[in-house]
>>> print(open('start08.txt').read())   # compact mmCIF, C-alpha atoms
# COMPACT_ATOMS: atom_id res chain seq x y z
CA MET A 1 157.32 158.46 136.63
CA THR A 2 156.30 160.93 139.30
CA SER A 3 157.93 164.00 140.74
CA MET A 4 156.29 163.50 144.17
CA LYS A 5 158.69 162.75 147.02
CA ILE A 6 157.83 159.23 148.16
CA LYS A 7 158.42 158.46 151.81
CA THR A 8 159.08 154.71 151.79
CA LYS A 9 159.02 152.71 155.01
CA SER A 10 162.10 150.75 153.88
CA ASP A 11 164.36 150.40 150.90
CA ALA A 12 163.93 146.66 150.85
CA PHE A 13 165.51 145.87 147.53
CA SER A 14 168.77 147.78 147.95
CA THR A 15 169.07 146.93 151.66
CA GLY A 16 168.47 143.27 150.94
CA ARG A 17 171.24 143.15 148.36
CA ARG A 18 173.68 144.98 150.64
CA GLU A 19 172.98 142.63 153.55
CA GLY A 20 172.92 139.52 151.38
CA TYR A 21 169.31 138.49 152.02
CA PRO A 22 167.91 135.71 149.82
CA VAL A 23 165.70 136.94 146.98
CA HIS A 24 162.45 135.62 148.51
CA LYS A 25 163.10 137.46 151.76
CA VAL A 26 163.77 140.71 149.89
CA ALA A 27 160.50 140.30 147.97
CA CYS A 28 158.53 139.71 151.17
CA ARG A 29 159.81 143.00 152.58
CA GLN A 30 158.92 144.99 149.48
CA SER A 31 156.37 147.76 150.09
CA PHE A 32 153.36 148.57 147.93
CA PHE A 33 154.91 151.68 146.36
CA GLN A 34 158.09 149.79 145.50
CA PHE A 35 156.14 146.90 144.04
CA MET A 36 153.92 149.17 141.92
CA GLN A 37 156.94 151.04 140.57
CA ASP A 38 158.46 147.69 139.60
CA GLU A 39 155.21 146.73 137.85
CA ILE A 40 155.27 149.96 135.83
CA THR A 41 158.89 149.30 134.83
CA ARG A 42 158.02 145.70 133.90
CA LEU A 43 155.19 146.88 131.63
CA GLU A 44 157.50 149.39 129.94
CA GLU A 45 160.07 146.65 129.31
CA LEU A 46 157.32 144.50 127.75
CA ASP A 47 156.53 147.46 125.46
CA LYS A 48 153.07 147.78 127.00
CA ILE A 49 153.50 151.52 127.05
CA ARG A 50 149.85 152.57 127.25
CA THR A 51 149.18 150.17 130.12
CA SER A 52 152.29 151.38 131.95
CA GLU A 53 151.02 154.96 131.57
CA THR A 54 147.66 154.09 133.12
CA TYR A 55 149.45 152.36 136.00
CA ALA A 56 151.68 155.42 136.44
CA ALA A 57 148.61 157.71 136.53
CA THR A 58 147.05 155.50 139.21
CA PHE A 59 150.31 155.45 141.14
CA ARG A 60 150.43 159.26 141.15
CA SER A 61 146.82 159.38 142.36
CA ILE A 62 147.52 156.98 145.23
CA CYS A 63 150.68 158.93 146.12
CA SER A 64 148.61 162.10 146.31
CA PHE A 65 145.97 160.41 148.45
CA ARG A 66 148.66 159.16 150.81
CA SER A 67 150.55 162.49 150.79
CA GLY A 68 153.58 160.55 149.57
CA ASN A 69 153.53 158.06 152.46
CA ASP A 70 154.13 154.47 151.41
CA LEU A 71 151.82 151.56 152.27
CA THR A 72 152.58 148.23 153.88
CA TRP A 73 150.53 145.30 152.62
CA ASP A 74 148.76 145.04 155.99
CA GLU A 75 147.50 148.61 155.55
CA ILE A 76 145.66 147.75 152.34
CA ASP A 77 142.32 146.73 153.81
CA GLU A 78 138.65 147.56 153.22
CA GLU A 79 138.85 150.72 155.29
CA GLU A 80 141.82 152.07 153.33
CA THR A 81 140.25 151.39 149.93
CA LEU A 82 137.01 153.04 151.06
CA ARG A 83 139.01 156.07 152.20
CA TYR A 84 140.71 156.23 148.80
CA GLU A 85 137.33 156.00 147.05
CA ALA A 86 136.00 158.86 149.19
CA TYR A 87 139.14 160.90 148.36
CA LEU A 88 138.56 160.45 144.64
CA LYS A 89 134.91 161.48 144.93
CA ARG A 90 135.80 164.56 146.96
CA ASN A 91 138.17 165.58 144.19
CA GLY A 92 135.38 165.50 141.62
CA LYS A 93 136.22 162.22 139.90
CA SER A 94 133.39 160.53 138.01
CA MET A 95 132.36 157.02 139.03
CA ASN A 96 133.98 155.61 135.89
CA THR A 97 137.25 157.34 136.83
CA VAL A 98 136.93 156.02 140.39
CA SER A 99 136.46 152.54 138.93
CA PHE A 100 139.44 153.03 136.59
CA TYR A 101 141.82 153.76 139.49
CA MET A 102 140.33 151.07 141.72
CA ARG A 103 140.60 148.34 139.08
CA ILE A 104 144.28 149.10 138.52
CA PHE A 105 144.91 149.30 142.27
CA ARG A 106 143.20 145.90 142.61
CA ALA A 107 145.17 144.41 139.70
CA VAL A 108 148.48 145.38 141.34
CA TYR A 109 147.30 144.04 144.69
CA ASN A 110 146.20 140.73 143.13
CA ARG A 111 149.55 140.36 141.38
CA ALA A 112 151.26 140.86 144.74
CA VAL A 113 149.03 138.09 146.13
CA GLU A 114 150.15 135.82 143.27
CA ARG A 115 153.77 136.65 144.07
CA GLY A 116 153.23 135.70 147.71
CA LEU A 117 153.84 139.20 149.06
CA THR A 118 150.53 139.29 150.97
CA PRO A 119 147.62 136.97 151.71
CA GLN A 120 144.37 137.69 149.84
CA ARG A 121 142.14 139.81 152.09
CA TYR A 122 139.72 141.04 149.38
CA PRO A 123 140.03 144.74 150.32
CA PHE A 124 138.15 145.93 147.19
CA ARG A 125 134.83 144.19 147.91
CA HIS A 126 132.99 147.36 148.89
CA VAL A 127 134.40 149.94 146.48
CA TYR A 128 133.09 150.69 143.00
CA THR A 129 134.85 148.78 140.21
CA GLY A 130 132.04 148.64 137.64
CA ILE A 131 131.68 150.37 134.28
CA GLY A 132 128.72 152.70 133.95
CA LYS A 133 127.11 153.95 130.77
CA THR A 134 128.68 157.06 129.31
CA ARG A 135 127.10 159.72 127.20
CA LYS A 136 126.69 158.99 123.50
CA ARG A 137 130.00 159.59 121.73
CA ALA A 138 128.99 158.90 118.14
CA VAL A 139 127.88 161.54 115.64
CA THR A 140 125.72 161.10 112.56
CA LEU A 141 126.86 160.93 108.96
CA ASP A 142 125.41 164.41 108.47
CA VAL A 143 127.83 165.79 111.07
CA ILE A 144 130.74 164.01 109.35
CA LYS A 145 129.74 165.62 106.05
CA ARG A 146 129.47 169.08 107.62
CA LEU A 147 132.90 168.64 109.14
CA LYS A 148 134.39 167.51 105.82
CA TYR A 149 133.17 170.60 103.94
CA LEU A 150 133.94 173.19 106.61
CA GLN A 151 135.89 176.17 105.29
CA LEU A 152 139.04 176.13 107.42
CA PRO A 153 142.38 177.92 106.98
CA LEU A 154 144.61 175.67 104.86
CA ASN A 155 147.48 174.05 106.79
CA SER A 156 146.13 175.35 110.10
CA SER A 157 145.90 173.26 113.29
CA LEU A 158 142.13 173.06 112.78
CA ASP A 159 142.64 171.76 109.25
CA PHE A 160 145.12 169.15 110.49
CA ALA A 161 142.74 168.02 113.25
CA ARG A 162 139.89 167.71 110.77
CA ASP A 163 142.10 165.62 108.44
CA MET A 164 143.11 163.25 111.22
CA PHE A 165 139.49 162.80 112.31
CA LEU A 166 138.36 162.09 108.75
CA PHE A 167 141.28 159.72 108.09
CA SER A 168 140.27 157.70 111.14
CA PHE A 169 136.67 157.60 109.95
CA TYR A 170 137.69 156.66 106.40
CA THR A 171 139.81 153.77 107.69
CA ARG A 172 136.98 152.15 109.67
CA GLY A 173 137.64 154.05 112.88
CA MET A 174 141.39 153.46 113.08
CA SER A 175 142.74 154.46 116.48
CA PHE A 176 145.08 157.45 116.61
CA ILE A 177 148.03 155.45 117.90
CA ASP A 178 147.73 153.05 114.95
CA MET A 179 147.51 156.04 112.60
CA ALA A 180 150.64 157.56 114.14
CA TYR A 181 152.74 154.44 113.56
CA LEU A 182 151.54 153.64 110.03
CA LYS A 183 154.55 153.18 107.76
CA LYS A 184 154.72 154.08 104.07
CA LYS A 185 155.62 150.45 103.40
CA ASP A 186 152.26 149.41 104.93
CA LEU A 187 150.54 150.75 101.81
CA LYS A 188 151.09 148.51 98.81
CA ASP A 189 149.07 147.65 95.70
CA GLY A 190 146.08 149.67 96.84
CA VAL A 191 145.81 147.96 100.24
CA LEU A 192 146.80 149.32 103.65
CA VAL A 193 147.97 146.50 105.93
CA TYR A 194 148.81 147.13 109.59
CA ARG A 195 148.69 145.52 113.03
CA ARG A 196 146.76 147.02 115.89
CA ARG A 197 149.18 148.04 118.62
CA LYS A 198 146.60 147.16 121.26
CA THR A 199 145.90 143.56 120.20
CA GLY A 200 148.44 142.70 117.49
CA GLN A 201 145.61 141.80 115.11
CA GLN A 202 146.38 142.39 111.43
CA LEU A 203 143.89 144.48 109.46
CA CYS A 204 143.68 145.13 105.73
CA ILE A 205 141.93 148.20 104.32
CA ARG A 206 141.35 148.98 100.66
CA TRP A 207 142.96 152.32 99.86
CA GLU A 208 140.44 154.92 98.73
CA LYS A 209 140.83 158.30 97.00
CA CYS A 210 139.63 160.21 100.08
CA MET A 211 142.52 158.69 102.06
CA GLN A 212 145.02 159.56 99.34
CA ASP A 213 143.72 163.15 99.21
CA ILE A 214 144.70 163.62 102.85
CA ILE A 215 148.16 162.08 102.41
CA GLU A 216 148.89 164.33 99.42
CA LYS A 217 148.17 167.50 101.43
CA TYR A 218 151.29 167.00 103.54
CA PRO A 219 154.95 167.00 102.46
CA LEU A 220 156.80 163.71 102.61
CA THR A 221 159.11 163.19 105.59
CA GLU A 222 162.18 160.99 105.92
CA THR A 223 160.83 159.19 108.98
CA GLY A 224 159.13 156.42 107.02
CA TYR A 225 155.74 157.20 108.57
CA LEU A 226 152.69 157.68 106.38
CA LEU A 227 150.99 160.52 108.28
CA PRO A 228 152.54 163.77 109.60
CA ILE A 229 152.13 162.79 113.27
CA ILE A 230 155.67 161.56 113.97
CA THR A 231 157.75 163.90 111.85
CA ARG A 232 161.31 163.45 113.17
CA GLN A 233 163.55 160.74 114.53
CA GLY A 234 163.55 160.23 118.30
CA ASP A 235 160.94 160.87 121.00
CA GLU A 236 158.31 159.11 118.91
CA ARG A 237 156.02 158.41 121.86
CA ARG A 238 156.19 162.05 122.96
CA GLN A 239 155.39 163.25 119.44
CA TYR A 240 152.35 160.96 119.36
CA ILE A 241 151.11 162.20 122.75
CA ASN A 242 151.59 165.86 121.81
CA ALA A 243 149.78 165.30 118.51
CA ILE A 244 146.73 163.61 120.01
CA HIS A 245 146.42 166.34 122.64
CA LEU A 246 146.58 169.00 119.93
CA VAL A 247 144.10 167.23 117.67
CA ASN A 248 141.55 166.58 120.42
CA CYS A 249 141.84 170.19 121.58
CA LYS A 250 141.28 171.56 118.08
CA LEU A 251 138.39 169.18 117.37
CA LYS A 252 136.52 170.73 120.27
CA GLU A 253 136.98 174.14 118.61
CA MET A 254 135.44 173.12 115.28
CA PRO A 255 132.88 175.76 114.16
CA LEU A 256 130.03 173.34 113.48
CA HIS A 257 127.35 176.00 114.14
CA THR A 258 124.20 174.14 115.16
CA PHE A 259 126.40 171.27 116.31
CA ARG A 260 128.51 173.41 118.63
CA ALA A 261 127.31 171.35 121.60
CA LEU A 262 129.06 168.28 120.20
CA ARG A 263 132.44 167.47 121.71
CA LEU A 264 134.44 165.87 118.92
CA SER A 265 137.51 163.77 119.62
CA MET A 266 139.45 161.05 117.88
CA TYR A 267 137.51 158.50 119.88
CA VAL A 268 134.29 159.96 118.45
CA ALA A 269 135.56 159.24 114.92
CA ARG A 270 136.08 155.58 115.79
CA HIS A 271 132.79 155.25 117.63
CA SER A 272 130.90 157.06 114.87
CA TRP A 273 132.09 154.66 112.18
CA ALA A 274 130.82 151.70 114.22
CA SER A 275 127.47 153.33 114.94
CA ILE A 276 126.90 154.47 111.34
CA ALA A 277 127.86 151.01 110.08
CA LEU A 278 125.26 149.49 112.38
CA ARG A 279 122.63 151.90 111.09
CA GLN A 280 123.54 150.81 107.56
CA HIS A 281 122.56 147.26 108.62
CA ILE A 282 126.12 145.95 108.46
CA PRO A 283 126.22 142.77 110.60
CA LEU A 284 127.77 143.04 114.03
CA SER A 285 130.29 140.33 113.15
CA VAL A 286 131.51 142.41 110.18
CA ILE A 287 131.79 145.59 112.28
CA SER A 288 133.73 143.65 114.92
CA GLU A 289 136.16 142.26 112.34
CA SER A 290 136.51 145.64 110.62
CA MET A 291 137.50 147.41 113.83
CA GLY A 292 139.89 144.72 115.01
CA HIS A 293 137.88 143.84 118.10
CA GLU A 294 138.86 140.53 119.65
CA SER A 295 135.22 139.48 120.09
CA GLU A 296 131.69 140.59 119.24
CA SER A 297 131.06 141.19 122.94
CA THR A 298 133.60 144.01 122.80
CA THR A 299 131.71 145.53 119.88
CA ARG A 300 128.41 145.22 121.75
CA ILE A 301 129.89 147.16 124.67
CA TYR A 302 131.26 149.68 122.18
CA LEU A 303 127.80 150.27 120.69
CA ALA A 304 125.91 150.15 123.98
CA SER A 305 125.33 153.92 123.95
CA LEU A 306 123.75 153.91 120.48
CA ASP A 307 121.05 156.57 120.17
CA ASN A 308 117.68 155.33 121.42
CA SER A 309 116.10 156.70 118.26
CA VAL A 310 117.42 153.65 116.38
CA ILE A 311 115.59 151.36 118.79
CA ASP A 312 112.48 153.56 118.65
CA GLN A 313 112.44 153.41 114.85
CA ALA A 314 112.75 149.63 114.91
CA ASN A 315 109.92 149.40 117.43
CA ALA A 316 107.75 151.69 115.30
CA ARG A 317 108.23 149.40 112.29
CA ILE A 318 107.18 146.41 114.37
CA LEU A 319 104.12 148.13 115.78
CA LYS A 320 103.10 149.33 112.31
CA ASN A 321 102.66 145.73 111.26
CA LEU A 322 100.22 144.95 114.07
>>> encode(input="start08.txt", output="structure tokens")
Amino acid sequence: MTSMKIKTKSDAFSTGRREGYPVHKVACRQSFFQFMQDEITRLEELDKIRTSETYAATFRSICSFRSGNDLTWDEIDEEETLRYEAYLKRNGKSMNTVSFYMRIFRAVYNRAVERGLTPQRYPFRHVYTGIGKTRKRAVTLDVIKRLKYLQLPLNSSLDFARDMFLFSFYTRGMSFIDMAYLKKKDLKDGVLVYRRRKTGQQLCIRWEKCMQDIIEKYPLTETGYLLPIITRQGDERRQYINAIHLVNCKLKEMPLHTFRALRLSMYVARHSWASIALRQHIPLSVISESMGHESESTTRIYLASLDNSVIDQANARILKNL
């Protein structure tokens, strides 16, 4: 989980068992670091791997802030959370990153309150936990076309990254983790059927020639997976992580000439499909369903950074009729 040496104030769990303390007394003596490590383990056991990874990243950050020194629940107050916020800012973290760590820190604290480990003191009232607007992450259909017809070395890392980006776009912005775990058996009778790993929602996509063209470029493996992301048995999660790092790195190296300033990533493929669909006047409800969002409000947040030119064009059409 972390290689940092953690200096705990007590080893409550093991000590409690050795001395025969009742379970509730052991829990009450559990420190913050111990409790957060248990939460990470619990999430892993529930197969919430991505969430456990974000908790582990936050845990490492707090460990670094504390120089490895554990926290008692009484030490988690407004002053301590403000100090942590200042630490993150000093280390160049954006406000959205500050909020990311703070919201996870708060979630762990609130769960400890629910478990009766500490009274609720609302220590996060004065730190930033909002979500600010980010730069526009979508690209136009013209950029997608330029990417598709780029002359790249066949079977190179750049070629692979381009194929994964396009496959995501072709499949209505499928997330990379869902792409990685697609099985050959998910494709049947011209329809690709899969469940989103994030929400469990089932999605059905009509299989198109452009999707098949990508599949046919790569040799079949015995793993049962459709795409060449997980190519061997064992360490599947590690193969997925290595692949997405490679793909995102290579996407940033794409020689798009006049579009060199663009920073492509797999997230951009997903966001671009939604934005282009909106420009094609596809209803928000259809976009939401197509992407597997649990509600239209999620899709509205997703499209919040849509280029202002779309709004300007709509306004111009209105004013023209005056």
>>> residues_around(input="start08.txt", residues="Asp142 (chain A)", least_positions_apart="2", cutoff="12 Å", atoms="all atoms listed in the file", output="list in words")
Ala138, Val139, Thr140, Ile144, Lys145, Arg146, Leu147, Lys148, Tyr149, Leu256, Thr258, Phe259, Ser272 and Ile276 of chain A
>>> residues_around(input="start08.txt", residues="Phe35 (chain A)", least_positions_apart="5", cutoff="9 Å", atoms="all atoms listed in the file", output="list in words")
Ala27, Gln30, Ile40, Val108 and Ala112 of chain A
>>> atom_distance(input="start08.txt", atom1="CA of Trp207 (chain A)", atom2="CA of Leu264 (chain A)")
24.9 Å
>>> residues_around(input="start08.txt", residues="region 236-244 of chain A", least_positions_apart="6", cutoff="10 Å", atoms="all atoms listed in the file", output="list in words")
Ile49, Ala161, Met164, Phe176, Ile177, Met179, Ala180, Tyr181, Pro228, Ile229, Ile230, Lys250, Ser265 and Met266 of chain A
>>> closest_residue(input="start08.txt", among="A:Thr199, A:Ser67, A:Thr58, A:Thr171", to="Met102 (chain A)", atoms="only C-alpha atoms")
A:Thr58
>>> atom_distance(input="start08.txt", atom1="CA of Thr81 (chain A)", atom2="CA of Pro123 (chain A)")
6.7 Å
>>> atom_distance(input="start08.txt", atom1="CA of Thr97 (chain A)", atom2="CA of Thr129 (chain A)")
9.5 Å
>>> closest_residue(input="start08.txt", among="A:Arg162, A:Met291, A:Leu192, A:Arg232", to="Asn248 (chain A)", atoms="only C-alpha atoms")
A:Arg162
>>> residues_near_point(input="start08.txt", point="(137.2, 146.1, 147.8)", cutoff="8 Å", atoms="all atoms listed in the file", output="mmCIF file with C-alpha atoms, in the frame of the given file")
data_model
loop_
_atom_site.group_PDB
_atom_site.id
_atom_site.type_symbol
_atom_site.label_atom_id
_atom_site.label_comp_id
_atom_site.auth_asym_id
_atom_site.auth_seq_id
_atom_site.Cartn_x
_atom_site.Cartn_y
_atom_site.Cartn_z
ATOM 1 C CA ASP A 77 142.320 146.730 153.810
ATOM 2 C CA GLU A 78 138.650 147.560 153.220
ATOM 3 C CA THR A 81 140.250 151.390 149.930
ATOM 4 C CA LEU A 82 137.010 153.040 151.060
ATOM 5 C CA ARG A 106 143.200 145.900 142.610
ATOM 6 C CA TYR A 122 139.720 141.040 149.380
ATOM 7 C CA PRO A 123 140.030 144.740 150.320
ATOM 8 C CA PHE A 124 138.150 145.930 147.190
ATOM 9 C CA ARG A 125 134.830 144.190 147.910
ATOM 10 C CA HIS A 126 132.990 147.360 148.890
ATOM 11 C CA VAL A 127 134.400 149.940 146.480
ATOM 12 C CA TYR A 128 133.090 150.690 143.000
#
>>> residues_around(input="start08.txt", residues="Lys185 (chain A)", least_positions_apart="4", cutoff="12 Å", atoms="all atoms listed in the file", output="PyMOL selection string")
chain A and resi 181+189-194+223-226
>>> residues_around(input="start08.txt", residues="Ile214 (chain A)", least_positions_apart="5", cutoff="10 Å", atoms="all atoms listed in the file", output="PDB file with C-alpha atoms, in the frame of the given file")
ATOM      1  CA  PHE A 160     145.120 169.150 110.490  1.00  0.00           C
ATOM      2  CA  ASP A 163     142.100 165.620 108.440  1.00  0.00           C
ATOM      3  CA  MET A 164     143.110 163.250 111.220  1.00  0.00           C
ATOM      4  CA  LEU A 166     138.360 162.090 108.750  1.00  0.00           C
ATOM      5  CA  PHE A 167     141.280 159.720 108.090  1.00  0.00           C
ATOM      6  CA  LYS A 209     140.830 158.300  97.000  1.00  0.00           C
ATOM      7  CA  LEU A 227     150.990 160.520 108.280  1.00  0.00           C
TER       8      LEU A 227
END
>>> closest_residue(input="start08.txt", among="A:Met95, A:Cys210, A:Leu187, A:Ile62", to="Arg83 (chain A)", atoms="only C-alpha atoms")
A:Ile62
